[in-house]
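A.B. asks: So here's structure-v8.cif (mmCIF, C-alpha atoms and all ligand atoms).
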data_target
loop_
_atom_site.label_atom_id
_atom_site.label_comp_id
_atom_site.auth_asym_id
_atom_site.auth_seq_id
_atom_site.Cartn_x
_atom_site.Cartn_y
_atom_site.Cartn_z
CA MET C 190 -20.78 2.78 -31.79
CA PHE C 191 -19.79 4.35 -28.47
CA GLU C 192 -21.37 7.80 -28.93
CA ARG C 193 -24.40 6.83 -26.85
CA LEU C 194 -22.41 5.77 -23.80
CA GLU C 195 -22.88 8.11 -20.85
CA ARG C 196 -20.22 9.02 -18.30
CA LEU C 197 -21.08 7.05 -15.16
CA PRO C 198 -20.62 8.37 -11.63
CA ASP C 199 -17.56 7.10 -9.75
CA ASP C 200 -17.85 3.93 -7.66
CA PRO C 201 -19.08 5.00 -4.18
CA ILE C 202 -16.07 3.43 -2.44
CA LEU C 203 -13.26 3.58 -5.01
CA GLY C 204 -14.20 7.14 -6.02
CA LEU C 205 -13.25 8.23 -2.49
CA MET C 206 -9.67 7.05 -3.03
CA ALA C 207 -9.19 9.50 -5.89
CA ALA C 208 -10.92 12.36 -4.02
CA PHE C 209 -8.72 11.76 -0.97
CA ARG C 210 -5.52 11.71 -3.03
CA ALA C 211 -6.49 15.00 -4.67
CA ASP C 212 -7.08 16.72 -1.28
CA GLU C 213 -3.97 18.77 -0.44
CA SER C 214 -4.73 19.24 3.27
CA ARG C 215 -1.99 17.91 5.57
CA ASP C 216 -4.66 16.98 8.13
CA LYS C 217 -6.84 14.86 5.86
CA ILE C 218 -8.15 11.58 7.28
CA ASP C 219 -9.07 8.67 5.01
CA LEU C 220 -11.75 6.41 6.48
CA GLY C 221 -13.05 5.40 3.05
CA VAL C 222 -11.79 2.38 1.19
CA GLY C 223 -11.30 -0.77 3.28
CA VAL C 224 -7.54 -1.16 3.40
CA TYR C 225 -5.60 -1.74 6.60
CA ARG C 226 -3.27 1.02 7.78
CA ASN C 227 -0.62 0.78 10.49
CA ALA C 228 0.15 3.33 13.20
CA ARG C 229 2.03 5.45 10.63
CA GLY C 230 -0.94 5.44 8.28
CA GLU C 231 0.76 3.10 5.81
CA THR C 232 -0.52 -0.08 4.19
CA PRO C 233 2.69 -2.11 4.46
CA VAL C 234 3.74 -5.26 2.62
CA LEU C 235 3.63 -7.91 5.38
CA GLU C 236 7.02 -9.35 6.35
CA ALA C 237 5.70 -12.88 5.74
CA VAL C 238 4.71 -11.78 2.24
CA ARG C 239 8.13 -10.22 1.55
CA ARG C 240 9.91 -13.40 2.62
CA ALA C 241 7.56 -15.70 0.72
CA GLU C 242 7.84 -13.53 -2.36
CA ARG C 243 11.64 -13.89 -2.32
CA VAL C 244 11.30 -17.69 -2.20
CA VAL C 245 8.75 -17.65 -5.02
CA LEU C 246 11.01 -15.52 -7.23
CA GLU C 247 14.05 -17.69 -6.53
CA ARG C 248 12.26 -20.96 -7.19
CA GLN C 249 10.03 -20.02 -10.07
CA SER C 250 11.36 -21.61 -13.23
CA THR C 251 8.63 -20.75 -15.73
CA LYS C 252 5.85 -18.31 -16.47
CA THR C 253 3.80 -20.76 -18.46
CA TYR C 254 0.02 -21.03 -17.87
CA VAL C 255 -1.16 -22.56 -14.63
CA ALA C 256 -4.79 -23.69 -15.10
CA PRO C 257 -8.33 -22.22 -15.25
CA ALA C 258 -8.91 -23.46 -11.66
CA GLY C 259 -5.70 -21.70 -10.63
CA ASN C 260 -2.81 -22.79 -8.44
CA ALA C 261 -3.62 -26.24 -6.97
CA ALA C 262 -1.28 -25.88 -3.97
CA PHE C 263 -2.85 -22.51 -3.13
CA ASN C 264 -6.37 -23.90 -3.46
CA GLN C 265 -5.58 -26.76 -1.12
CA ALA C 266 -3.87 -24.55 1.45
CA MET C 267 -6.84 -22.17 1.37
CA GLU C 268 -9.31 -25.03 1.92
CA ARG C 269 -7.41 -25.91 5.08
CA LEU C 270 -7.23 -22.33 6.23
CA ALA C 271 -10.97 -21.81 5.76
CA LEU C 272 -12.20 -25.16 7.04
CA GLY C 273 -9.44 -26.24 9.41
CA ALA C 274 -7.05 -29.00 8.31
CA GLY C 275 -8.98 -31.92 9.80
CA HIS C 276 -12.47 -30.90 8.72
CA PRO C 277 -14.75 -33.88 7.94
CA ALA C 278 -15.92 -32.30 4.64
CA LEU C 279 -12.29 -32.33 3.45
CA ALA C 280 -11.77 -35.90 4.62
CA ALA C 281 -14.94 -36.93 2.73
CA GLY C 282 -13.64 -35.32 -0.48
CA ARG C 283 -16.73 -33.09 -0.70
CA VAL C 284 -14.82 -29.84 -1.23
CA ARG C 285 -13.61 -28.49 -4.56
CA THR C 286 -11.89 -25.14 -4.96
CA ILE C 287 -11.34 -22.72 -7.79
CA GLN C 288 -9.06 -19.71 -7.50
CA GLY C 289 -10.77 -16.39 -8.02
CA VAL C 290 -9.46 -13.07 -9.25
CA GLY C 291 -9.47 -11.82 -5.64
CA GLY C 292 -12.46 -12.24 -3.35
CA CYS C 293 -14.61 -10.31 -5.84
CA GLY C 294 -13.77 -12.80 -8.56
CA ALA C 295 -14.62 -15.65 -6.21
CA LEU C 296 -18.00 -14.07 -5.42
CA ARG C 297 -18.72 -13.68 -9.11
CA LEU C 298 -17.74 -17.30 -9.80
CA GLY C 299 -20.16 -18.41 -7.09
CA ALA C 300 -22.93 -16.29 -8.58
CA GLU C 301 -22.23 -17.67 -12.06
CA LEU C 302 -22.41 -21.22 -10.73
CA ILE C 303 -25.76 -20.54 -9.05
CA HIS C 304 -27.03 -18.93 -12.25
CA THR C 305 -25.89 -21.94 -14.30
CA ALA C 306 -27.61 -24.38 -11.91
CA ALA C 307 -30.81 -22.36 -11.31
CA PRO C 308 -31.03 -19.14 -13.36
CA HIS C 309 -34.10 -17.84 -11.50
CA SER C 310 -32.51 -18.03 -8.07
CA VAL C 311 -32.92 -15.09 -5.76
CA VAL C 312 -29.94 -14.18 -3.56
CA HIS C 313 -30.99 -12.71 -0.22
CA VAL C 314 -28.47 -10.20 1.08
CA SER C 315 -28.25 -8.47 4.46
CA SER C 316 -29.65 -4.97 4.74
CA PRO C 317 -27.25 -3.31 4.41
CA THR C 318 -24.53 -5.23 2.62
CA TRP C 319 -21.24 -4.28 0.92
CA ALA C 320 -22.17 -2.01 -2.00
CA ASN C 321 -20.25 -4.12 -4.52
CA HIS C 322 -22.19 -7.30 -3.68
CA VAL C 323 -25.04 -5.92 -5.75
CA PRO C 324 -23.29 -5.59 -9.14
CA LEU C 325 -21.03 -8.60 -8.49
CA LEU C 326 -23.88 -11.02 -7.82
CA GLY C 327 -26.64 -9.29 -9.75
CA GLY C 328 -24.44 -8.75 -12.81
CA CYS C 329 -24.82 -12.31 -14.02
CA GLY C 330 -28.63 -12.16 -13.94
CA LEU C 331 -29.46 -13.22 -10.39
CA LYS C 332 -32.12 -11.26 -8.54
CA LEU C 333 -31.18 -9.79 -5.14
CA GLU C 334 -33.53 -9.20 -2.20
CA PRO C 335 -32.63 -7.74 1.22
CA TYR C 336 -33.21 -9.39 4.59
CA PRO C 337 -33.18 -7.32 7.81
CA TYR C 338 -29.79 -7.30 9.51
CA TYR C 339 -28.68 -4.15 11.29
CA ASP C 340 -30.35 -2.20 14.05
CA ALA C 341 -28.74 1.23 13.66
CA ALA C 342 -30.21 2.59 16.90
CA ALA C 343 -28.80 -0.26 18.99
CA GLY C 344 -25.66 -0.83 16.87
CA ARG C 345 -26.20 -4.58 16.66
CA VAL C 346 -27.73 -7.36 14.60
CA ARG C 347 -31.55 -7.61 14.39
CA LEU C 348 -31.39 -11.32 15.03
CA GLU C 349 -35.10 -12.01 15.51
CA ALA C 350 -36.08 -10.08 12.37
CA MET C 351 -33.31 -11.77 10.40
CA LEU C 352 -34.35 -15.26 11.53
CA GLN C 353 -37.99 -14.56 10.80
CA ALA C 354 -37.20 -13.28 7.31
CA LEU C 355 -34.99 -16.27 6.48
CA ASP C 356 -37.66 -18.61 7.84
CA SER C 357 -40.19 -17.25 5.36
CA LEU C 358 -38.02 -17.70 2.25
CA PRO C 359 -38.98 -20.21 -0.42
CA VAL C 360 -37.12 -23.51 -0.14
CA ALA C 361 -33.74 -23.49 -1.95
CA SER C 362 -33.32 -19.70 -1.84
CA VAL C 363 -29.75 -18.46 -1.68
CA VAL C 364 -28.68 -16.44 1.36
CA LEU C 365 -25.49 -14.40 1.35
CA LEU C 366 -23.82 -14.25 4.78
CA HIS C 367 -20.68 -12.46 5.99
CA ALA C 368 -18.44 -14.87 7.93
CA SER C 369 -17.08 -12.11 10.19
CA CYS C 370 -16.26 -8.39 10.21
CA HIS C 371 -19.58 -7.58 8.53
CA ASN C 372 -19.10 -5.00 5.80
CA PRO C 373 -20.36 -2.27 6.25
CA THR C 374 -21.75 -2.55 9.80
CA GLY C 375 -19.06 -4.38 11.82
CA ALA C 376 -21.92 -6.18 13.63
CA ASP C 377 -21.25 -9.93 13.72
CA LEU C 378 -23.24 -12.91 14.93
CA SER C 379 -22.14 -14.81 18.03
CA GLU C 380 -21.54 -18.58 17.85
CA GLU C 381 -24.93 -19.15 19.45
CA GLU C 382 -26.60 -16.89 16.91
CA TRP C 383 -24.88 -18.70 14.01
CA ARG C 384 -26.40 -21.93 15.36
CA GLU C 385 -29.83 -20.34 15.23
CA VAL C 386 -29.24 -19.24 11.63
CA LEU C 387 -28.09 -22.76 10.79
CA ALA C 388 -31.34 -24.23 12.16
CA VAL C 389 -33.39 -21.97 9.86
CA VAL C 390 -31.13 -22.72 6.88
CA GLN C 391 -31.70 -26.44 7.49
CA ARG C 392 -35.44 -26.07 7.96
CA ARG C 393 -35.92 -24.02 4.77
CA ARG C 394 -33.21 -25.94 2.90
CA LEU C 395 -31.49 -22.69 1.92
CA LEU C 396 -28.17 -22.49 0.12
CA PRO C 397 -25.76 -20.34 2.16
CA PHE C 398 -23.17 -18.41 0.21
CA ILE C 399 -20.62 -17.14 2.75
CA ASP C 400 -18.34 -14.22 1.99
CA MET C 401 -15.18 -14.47 4.13
CA ALA C 402 -13.08 -11.43 3.25
CA TYR C 403 -11.57 -10.70 6.67
CA GLN C 404 -10.48 -14.00 8.22
CA GLY C 405 -8.26 -13.16 11.20
CA LEU C 406 -9.16 -9.48 11.45
CA GLY C 407 -12.23 -9.91 13.67
CA ALA C 408 -11.83 -12.34 16.57
CA GLY C 409 -9.05 -14.63 15.26
CA VAL C 410 -8.13 -16.79 12.27
CA ASP C 411 -10.11 -19.79 13.57
CA ALA C 412 -12.86 -17.86 15.35
CA ASP C 413 -13.67 -15.87 12.20
CA ALA C 414 -14.20 -19.12 10.27
CA PHE C 415 -16.64 -20.51 12.88
CA ALA C 416 -19.74 -20.27 10.65
CA VAL C 417 -17.93 -21.67 7.60
CA ARG C 418 -16.75 -24.70 9.58
CA LEU C 419 -20.09 -25.27 11.30
CA PHE C 420 -22.11 -24.98 8.10
CA ALA C 421 -19.67 -27.23 6.20
CA SER C 422 -20.19 -29.91 8.86
CA GLU C 423 -23.95 -29.71 9.00
CA LEU C 424 -25.17 -28.85 5.50
CA PRO C 425 -25.25 -30.75 2.22
CA GLU C 426 -24.36 -27.71 0.11
CA LEU C 427 -22.40 -24.53 0.73
CA LEU C 428 -20.43 -21.93 -1.22
CA VAL C 429 -17.64 -19.94 0.43
CA ALA C 430 -15.83 -17.02 -1.22
CA VAL C 431 -12.53 -16.10 0.46
CA SER C 432 -10.32 -13.08 -0.10
CA CYS C 433 -6.58 -12.77 0.61
CA SER C 434 -6.63 -9.01 0.06
CA LYS C 435 -6.94 -7.84 3.65
CA ASN C 436 -5.49 -10.57 5.88
CA PHE C 437 -2.44 -11.10 3.63
CA GLY C 438 -2.35 -7.43 2.54
CA LEU C 439 -2.29 -8.61 -1.08
CA TYR C 440 -4.92 -6.22 -2.42
CA ARG C 441 -3.53 -5.58 -5.87
CA GLU C 442 -2.42 -9.16 -6.46
CA ARG C 443 -6.04 -10.36 -6.63
CA ALA C 444 -5.85 -13.66 -4.75
CA GLY C 445 -8.95 -15.46 -3.47
CA THR C 446 -10.83 -18.73 -3.64
CA LEU C 447 -14.30 -20.13 -4.10
CA HIS C 448 -14.91 -23.32 -2.12
CA ILE C 449 -17.74 -25.53 -3.35
CA LEU C 450 -19.28 -28.13 -1.03
CA THR C 451 -21.93 -30.54 -2.23
CA GLU C 452 -23.28 -33.83 -0.91
CA SER C 453 -20.67 -35.96 -2.66
CA ALA C 454 -17.25 -35.85 -4.25
CA SER C 455 -18.71 -36.56 -7.70
CA ARG C 456 -21.23 -33.69 -7.48
CA SER C 457 -18.53 -31.29 -6.31
CA GLU C 458 -16.35 -32.46 -9.19
CA ALA C 459 -19.19 -31.77 -11.64
CA ALA C 460 -19.72 -28.29 -10.16
CA LEU C 461 -15.99 -27.58 -10.42
CA SER C 462 -15.98 -28.60 -14.08
CA GLN C 463 -18.74 -26.04 -14.67
CA GLU C 464 -16.70 -23.40 -12.86
CA VAL C 465 -13.65 -24.16 -14.96
CA ARG C 466 -15.75 -23.59 -18.08
CA ILE C 467 -17.14 -20.34 -16.62
CA ALA C 468 -13.63 -19.08 -15.77
CA ARG C 469 -12.36 -19.98 -19.24
CA ARG C 470 -15.23 -18.07 -20.79
CA LEU C 471 -14.73 -14.97 -18.59
CA TYR C 472 -10.96 -14.53 -18.23
CA SER C 473 -9.38 -17.94 -18.92
CA MET C 474 -7.05 -18.07 -15.92
CA PRO C 475 -6.45 -16.13 -12.72
CA PRO C 476 -3.13 -14.35 -11.98
CA ASP C 477 -0.63 -16.50 -10.07
CA HIS C 478 1.71 -14.23 -8.14
CA GLY C 479 -0.45 -13.60 -5.06
CA ALA C 480 -1.60 -17.22 -4.95
CA ALA C 481 2.01 -18.45 -5.09
CA ILE C 482 2.92 -16.17 -2.16
CA VAL C 483 -0.02 -17.31 -0.02
CA SER C 484 0.66 -20.94 -0.78
CA GLN C 485 4.31 -20.45 0.25
CA ILE C 486 3.25 -18.83 3.54
CA LEU C 487 0.66 -21.41 4.44
CA THR C 488 2.85 -24.42 3.70
CA ASP C 489 5.96 -23.20 5.54
CA GLU C 490 5.63 -23.41 9.32
CA ALA C 491 7.90 -20.46 10.11
CA LEU C 492 6.23 -18.20 7.53
CA ARG C 493 2.80 -19.26 8.65
CA ASP C 494 3.62 -18.44 12.29
CA LEU C 495 4.99 -15.06 11.25
CA TRP C 496 1.84 -14.36 9.21
CA GLN C 497 -0.40 -15.36 12.15
CA ARG C 498 1.49 -12.89 14.36
CA GLU C 499 1.16 -10.14 11.75
CA VAL C 500 -2.59 -10.75 11.36
CA GLY C 501 -2.85 -10.75 15.16
CA ASP C 502 -1.11 -7.37 15.29
CA MET C 503 -3.51 -5.91 12.73
CA ARG C 504 -6.49 -7.26 14.65
CA GLU C 505 -5.23 -5.95 18.00
CA ARG C 506 -4.54 -2.53 16.55
CA ILE C 507 -8.07 -2.30 15.18
CA LEU C 508 -9.58 -3.46 18.48
CA GLY C 509 -7.47 -0.94 20.40
CA LEU C 510 -8.51 1.86 18.02
CA ARG C 511 -12.16 0.91 18.52
CA ARG C 512 -11.81 1.36 22.28
CA GLU C 513 -9.90 4.67 21.94
CA LEU C 514 -12.40 5.95 19.40
CA VAL C 515 -15.34 5.28 21.72
CA ARG C 516 -13.55 7.19 24.52
CA GLU C 517 -12.83 10.18 22.27
CA LEU C 518 -16.27 10.29 20.64
CA ASN C 519 -18.15 9.89 23.92
CA ALA C 520 -16.05 12.68 25.44
CA ALA C 521 -16.51 15.03 22.47
CA CYS C 522 -20.22 14.25 21.93
CA PRO C 523 -21.69 13.69 25.43
CA SER C 524 -25.27 13.59 24.16
CA ARG C 525 -24.54 10.43 22.14
CA ASP C 526 -23.29 6.98 23.05
CA PHE C 527 -20.81 5.45 20.61
CA SER C 528 -20.04 2.39 22.79
CA PHE C 529 -21.43 0.04 20.14
CA ILE C 530 -18.26 0.67 18.08
CA ALA C 531 -16.14 -1.16 20.66
CA ALA C 532 -18.39 -4.23 20.51
CA GLN C 533 -18.16 -4.46 16.70
CA ARG C 534 -15.43 -6.23 14.75
CA GLY C 535 -13.26 -5.78 11.67
CA MET C 536 -12.46 -2.64 9.75
CA PHE C 537 -15.89 -1.06 9.55
CA SER C 538 -18.59 0.56 11.64
CA PHE C 539 -21.29 3.07 10.87
CA LEU C 540 -20.71 6.38 12.58
CA GLY C 541 -24.46 6.97 12.40
CA VAL C 542 -24.50 10.46 10.88
CA SER C 543 -26.51 11.70 7.90
CA PRO C 544 -25.22 12.03 4.30
CA GLU C 545 -25.25 15.85 4.75
CA GLN C 546 -23.09 15.49 7.84
CA VAL C 547 -20.76 13.14 5.93
CA ARG C 548 -20.42 15.80 3.23
CA ALA C 549 -19.73 18.48 5.86
CA LEU C 550 -17.03 16.31 7.46
CA ARG C 551 -15.34 16.07 4.09
CA ALA C 552 -15.77 19.69 2.97
CA ASP C 553 -14.95 21.37 6.30
CA HIS C 554 -12.69 18.87 8.06
CA HIS C 555 -11.04 16.80 5.27
CA VAL C 556 -12.45 13.57 6.73
CA TYR C 557 -13.43 11.00 4.11
CA MET C 558 -16.01 8.23 4.52
CA THR C 559 -18.78 6.73 2.38
CA GLU C 560 -22.14 8.54 2.28
CA ASP C 561 -23.77 5.98 4.57
CA SER C 562 -21.20 7.05 7.25
CA ARG C 563 -19.22 3.79 7.12
CA ILE C 564 -15.79 4.42 8.60
CA ASN C 565 -12.66 2.31 8.16
CA ILE C 566 -11.43 2.20 11.75
CA ALA C 567 -7.93 1.19 10.57
CA GLY C 568 -7.64 4.58 8.83
CA LEU C 569 -7.44 6.30 12.24
CA ARG C 570 -4.27 6.93 14.24
CA SER C 571 -3.75 7.83 17.88
CA GLU C 572 -2.55 11.26 16.70
CA ASN C 573 -5.72 12.11 14.78
CA LEU C 574 -8.40 10.43 16.90
CA GLU C 575 -9.07 13.49 18.99
CA ARG C 576 -9.25 15.77 15.95
CA PHE C 577 -11.59 13.32 14.27
CA ALA C 578 -13.88 13.21 17.33
CA ARG C 579 -13.85 17.04 17.55
CA SER C 580 -14.79 17.29 13.85
CA VAL C 581 -17.70 14.90 14.38
CA ALA C 582 -18.85 16.88 17.42
CA GLN C 583 -18.75 20.18 15.48
CA VAL C 584 -20.73 18.76 12.59
CA LEU C 585 -23.32 17.24 14.95
CA ARG C 586 -23.63 20.51 16.92
CA ARG C 587 -24.10 22.56 13.76
CA SER C 588 -26.96 20.45 12.51
CA GLY C 589 -28.40 19.65 15.94
C1 LIG C 601 -14.24 -1.90 0.88
O1 LIG C 601 -15.33 -2.35 1.23
O2 LIG C 601 -13.92 -0.71 1.02
C2 LIG C 601 -13.22 -2.82 0.26
O3 LIG C 601 -13.71 -4.11 0.23
C3 LIG C 601 -12.69 -2.34 -1.04
C4 LIG C 601 -13.68 -2.42 -2.17
O4 LIG C 601 -13.33 -2.99 -3.21
O5 LIG C 601 -14.80 -1.91 -2.06
#
Show me this structure written as structure tokens.
Ligand code: LMR

C.D. replies:
Amino acid sequence: MFERLERLPDDPILGLMAAFRADESRDKIDLGVGVYRNARGETPVLEAVRRAERVVLERQSTKTYVAPAGNAAFNQAMERLALGAGHPALAAGRVRTIQGVGGCGALRLGAELIHTAAPHSVVHVSSPTWANHVPLLGGCGLKLEPYPYYDAAAGRVRLEAMLQALDSLPVASVVLLHASCHNPTGADLSEEEWREVLAVVQRRRLLPFIDMAYQGLGAGVDADAFAVRLFASELPELLVAVSCSKNFGLYRERAGTLHILTESASRSEAALSQEVRIARRLYSMPPDHGAAIVSQILTDEALRDLWQREVGDMRERILGLRRELVRELNAACPSRDFSFIAAQRGMFSFLGVSPEQVRALRADHHVYMTEDSRINIAGLRSENLERFARSVAQVLRRSG
């Protein structure tokens, strides 16, 4: 049966992890996969997570099944984190939540729900978008189309082109938006710009599907949820996929949520019942450990404060690295201006070099990034910034 199956190429992002591990150079720099690293280059278990995990282990009295919708306390705590505790959509009972297998699982659940409701829906995704959005959303049969998003020359969002494209979509099209820390560009919308997007979404009666994978790592825990909260106040329908991988550092535990907002509590309940059936069909139930930890953190004031401080530290480190990186790159490559990197947010930015130059950086300098030149800023350290900038300058000089 399996003799006709071909060996597929590695995933463009995850394949880099293996290549980096196999590189024996002591000077290697990993700017590939989007995981946070501290000043020592480690991806630590957060202290809030360690403490919450101890409580979970002490108090847990059974390993019996939870439920296809996941851990109810976690789902509720995540609704409040995403929307803000007093949000009118919560008060009106319009929100229902299902736990996902990480943010990816939540995105897939959202796509499956759209496919169940309207199988011919087209999902419009930013150009560019995170590489895995394509198989995650397209894999259940939805068609994907790009809308203009990033101006590589200016290093910022092409707002006018984006608004125009969204304004020409057929009514009821689905539009995938990144709440903050746009992956892969790092170019986010301002509050004013989100309001302009909202006006188009209302005019064309689009369904926004917001991916919030980096809450707290861009401008702040509340600031990064601005679009989610605004859209939930102003729109009849909204889907929001949230990941706990980055801001709680829970990557391998696969914790995330899909929040479903419709016009009424009864419609949201119906949509949730469909999701429960979808989850049962796909994997039955999500894992609980990460969800139990997050729920413990978010419902305990001291742990929550500690977590907020730890997320703040991660955010500040990334912002500081962005500023340092611009200084080093502008000094090493005077014919180019990398200032746009300091204005962007989250883990990623495009360096703006060609795939050949990316390959040269890897082969000659042991610097790893995806072919489109996306760099994970958090993979840099003060000690290797200068070497990184020098490597970029050499590669640019050689091909320039
Ligand atoms: C990334 O974009 O590098 C991360 O979200 C990890 C992944 O799964 O691709």

A.B. asks: For the contact check between segment 292-379 of chain C and segment 191-211 of chain C, emit one row per residue of segment 292-379 of chain C within 12 Å, containing the shortest atom pair and the distance in Å rounded to one decimal, counting all atoms listed in the file, chain then rising number order, as a Markdown table.

C.D. replies:
| residue | atom | partner | partner_atom | distance |
| --- | --- | --- | --- | --- |
| C:Trp319 | CA | C:Ile202 | CA | 9.9 |
| C:Ala320 | CA | C:Pro201 | CA | 8.0 |
| C:Asn321 | CA | C:Ile202 | CA | 8.9 |
| C:Pro324 | CA | C:Asp200 | CA | 11.1 |
| C:Pro373 | CA | C:Ile202 | CA | 11.2 |

A.B. asks: Could you give me, as JSON lines, a per-residue list for chain C showing, wherever an atom lies at most 10 Å from an atom of ligand LIG 601 (chain C), the closest pair of atoms and their distance in Å to one decimal, using only C-alpha atoms and all ligand atoms and sorting by chain then residue number from low to high?

C.D. replies:
{"residue": "C:Asp200", "atom": "CA", "partner": "C:LIG601", "partner_atom": "O5", "distance": 8.6}
{"residue": "C:Pro201", "atom": "CA", "partner": "C:LIG601", "partner_atom": "O5", "distance": 8.4}
{"residue": "C:Ile202", "atom": "CA", "partner": "C:LIG601", "partner_atom": "O5", "distance": 5.5}
{"residue": "C:Leu203", "atom": "CA", "partner": "C:LIG601", "partner_atom": "O5", "distance": 6.4}
{"residue": "C:Gly204", "atom": "CA", "partner": "C:LIG601", "partner_atom": "O5", "distance": 9.9}
{"residue": "C:Leu205", "atom": "CA", "partner": "C:LIG601", "partner_atom": "O2", "distance": 9.6}
{"residue": "C:Met206", "atom": "CA", "partner": "C:LIG601", "partner_atom": "O2", "distance": 9.7}
{"residue": "C:Leu220", "atom": "CA", "partner": "C:LIG601", "partner_atom": "O2", "distance": 9.2}
{"residue": "C:Gly221", "atom": "CA", "partner": "C:LIG601", "partner_atom": "O2", "distance": 6.5}
{"residue": "C:Val222", "atom": "CA", "partner": "C:LIG601", "partner_atom": "O2", "distance": 3.8}
{"residue": "C:Gly223", "atom": "CA", "partner": "C:LIG601", "partner_atom": "O2", "distance": 3.5}
{"residue": "C:Val224", "atom": "CA", "partner": "C:LIG601", "partner_atom": "C2", "distance": 6.7}
{"residue": "C:Tyr225", "atom": "CA", "partner": "C:LIG601", "partner_atom": "C2", "distance": 10.0}
{"residue": "C:Gly291", "atom": "CA", "partner": "C:LIG601", "partner_atom": "O4", "distance": 9.9}
{"residue": "C:Gly292", "atom": "CA", "partner": "C:LIG601", "partner_atom": "O3", "distance": 9.0}
{"residue": "C:Cys293", "atom": "CA", "partner": "C:LIG601", "partner_atom": "O4", "distance": 7.9}
{"residue": "C:Thr318", "atom": "CA", "partner": "C:LIG601", "partner_atom": "O1", "distance": 9.7}
{"residue": "C:Trp319", "atom": "CA", "partner": "C:LIG601", "partner_atom": "O1", "distance": 6.2}
{"residue": "C:Ala320", "atom": "CA", "partner": "C:LIG601", "partner_atom": "O5", "distance": 7.4}
{"residue": "C:Asn321", "atom": "CA", "partner": "C:LIG601", "partner_atom": "O5", "distance": 6.4}
{"residue": "C:His322", "atom": "CA", "partner": "C:LIG601", "partner_atom": "O5", "distance": 9.3}
{"residue": "C:His371", "atom": "CA", "partner": "C:LIG601", "partner_atom": "O1", "distance": 9.9}
{"residue": "C:Asn372", "atom": "CA", "partner": "C:LIG601", "partner_atom": "O1", "distance": 6.5}
{"residue": "C:Pro373", "atom": "CA", "partner": "C:LIG601", "partner_atom": "O1", "distance": 7.1}
{"residue": "C:Ala402", "atom": "CA", "partner": "C:LIG601", "partner_atom": "O3", "distance": 7.9}
{"residue": "C:Tyr403", "atom": "CA", "partner": "C:LIG601", "partner_atom": "O3", "distance": 9.5}
{"residue": "C:Ser432", "atom": "CA", "partner": "C:LIG601", "partner_atom": "O3", "distance": 9.6}
{"residue": "C:Ser434", "atom": "CA", "partner": "C:LIG601", "partner_atom": "O3", "distance": 8.6}
{"residue": "C:Lys435", "atom": "CA", "partner": "C:LIG601", "partner_atom": "O3", "distance": 8.5}
{"residue": "C:Tyr440", "atom": "CA", "partner": "C:LIG601", "partner_atom": "C3", "distance": 8.8}
{"residue": "C:Met536", "atom": "CA", "partner": "C:LIG601", "partner_atom": "O1", "distance": 9.0}
{"residue": "C:Phe537", "atom": "CA", "partner": "C:LIG601", "partner_atom": "O1", "distance": 8.4}
{"residue": "C:Met558", "atom": "CA", "partner": "C:LIG601", "partner_atom": "O2", "distance": 9.8}
{"residue": "C:Thr559", "atom": "CA", "partner": "C:LIG601", "partner_atom": "O2", "distance": 9.0}
{"residue": "C:Arg563", "atom": "CA", "partner": "C:LIG601", "partner_atom": "O2", "distance": 9.2}
{"residue": "C:Ile564", "atom": "CA", "partner": "C:LIG601", "partner_atom": "O2", "distance": 9.3}
{"residue": "C:Asn565", "atom": "CA", "partner": "C:LIG601", "partner_atom": "O2", "distance": 7.9}

A.B. asks: At a cut-off of 8 Å, using only C-alpha atoms, what residues contact segment 227-237 of chain C? Leave out same-chain residues fewer than 4 positions from it and give the result as a list in words.

C.D. replies: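 Neighbouring residues, sequence-local ones excluded: Ala241, Phe437, Gly438, Leu439, Ile486, Leu492, Arg493, Leu495, Trp496, Glu499, Met503, Arg506, Ala567, Gly568, Leu569, Arg570 and Ser571 of chain C.
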
A.B. asks: Considering all atoms listed in the file, can you say which of C:Leu355, C:Ala430, C:Ala307, C:Leu510 comes closest to Tyr338 of chain C?

C.D. replies: C:Leu355

A.B. asks: With only C-alpha atoms as the atoms that count, which of C:Cys370, C:Leu352, C:Asp219, C:Ile566 lies nearest to Leu550 of chain C?

C.D. replies: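 Ranking C:Cys370, C:Leu352, C:Asp219, C:Ile566 by distance to Leu550 of chain C, first place goes to C:Asp219.
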
A.B. asks: Between atom CA of Leu450 of chain C and atom CA of Ala350 of chain C, measure the distance and give it in Å to one decimal.

C.D. replies: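 So the two atoms, atom CA of Leu450 of chain C and atom CA of Ala350 of chain C, lie 28.1 Å apart.
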
A.B. asks: Rounded to one decimal, what separation in Å do you get between atom CA of Arg512 of chain C and atom CA of Ser528 of chain C?

C.D. replies: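 If I compute the distance from atom CA of Arg512 of chain C to atom CA of Ser528 of chain C, I get 8.3 Å.
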
A.B. asks: Select all residues near (-10.6, -20.5, 6.3) (cut-off 9 Å, inclusive, file coordinates), counting only C-alpha atoms, and output them as a ChimeraX atom specification.

C.D. replies: /C:267-273,401,404,410-411,413-415,417-418,431

A.B. asks: What is the distance between atom CA of Ile449 of chain C and atom CA of Pro308 of chain C, in Å to one decimal?

C.D. replies: 17.8 Å

A.B. asks: Tell me which residues come within 12 Å of (-24.1, -9.2, -7.5), as a PyMOL selection string, counting all atoms listed in the file in the file's coordinates.

C.D. replies: chain C and resi 293-301+303-304+311-314+318-334+365

A.B. asks: Quick one: residues within 12 Å of Gln249 of chain C, all atoms listed in the file counted, chain neighbours fewer than 5 positions away excluded, as JSON, numbers by chain?

C.D. replies: {"C": [241, 242, 243, 244, 477, 478, 481, 482, 485]}
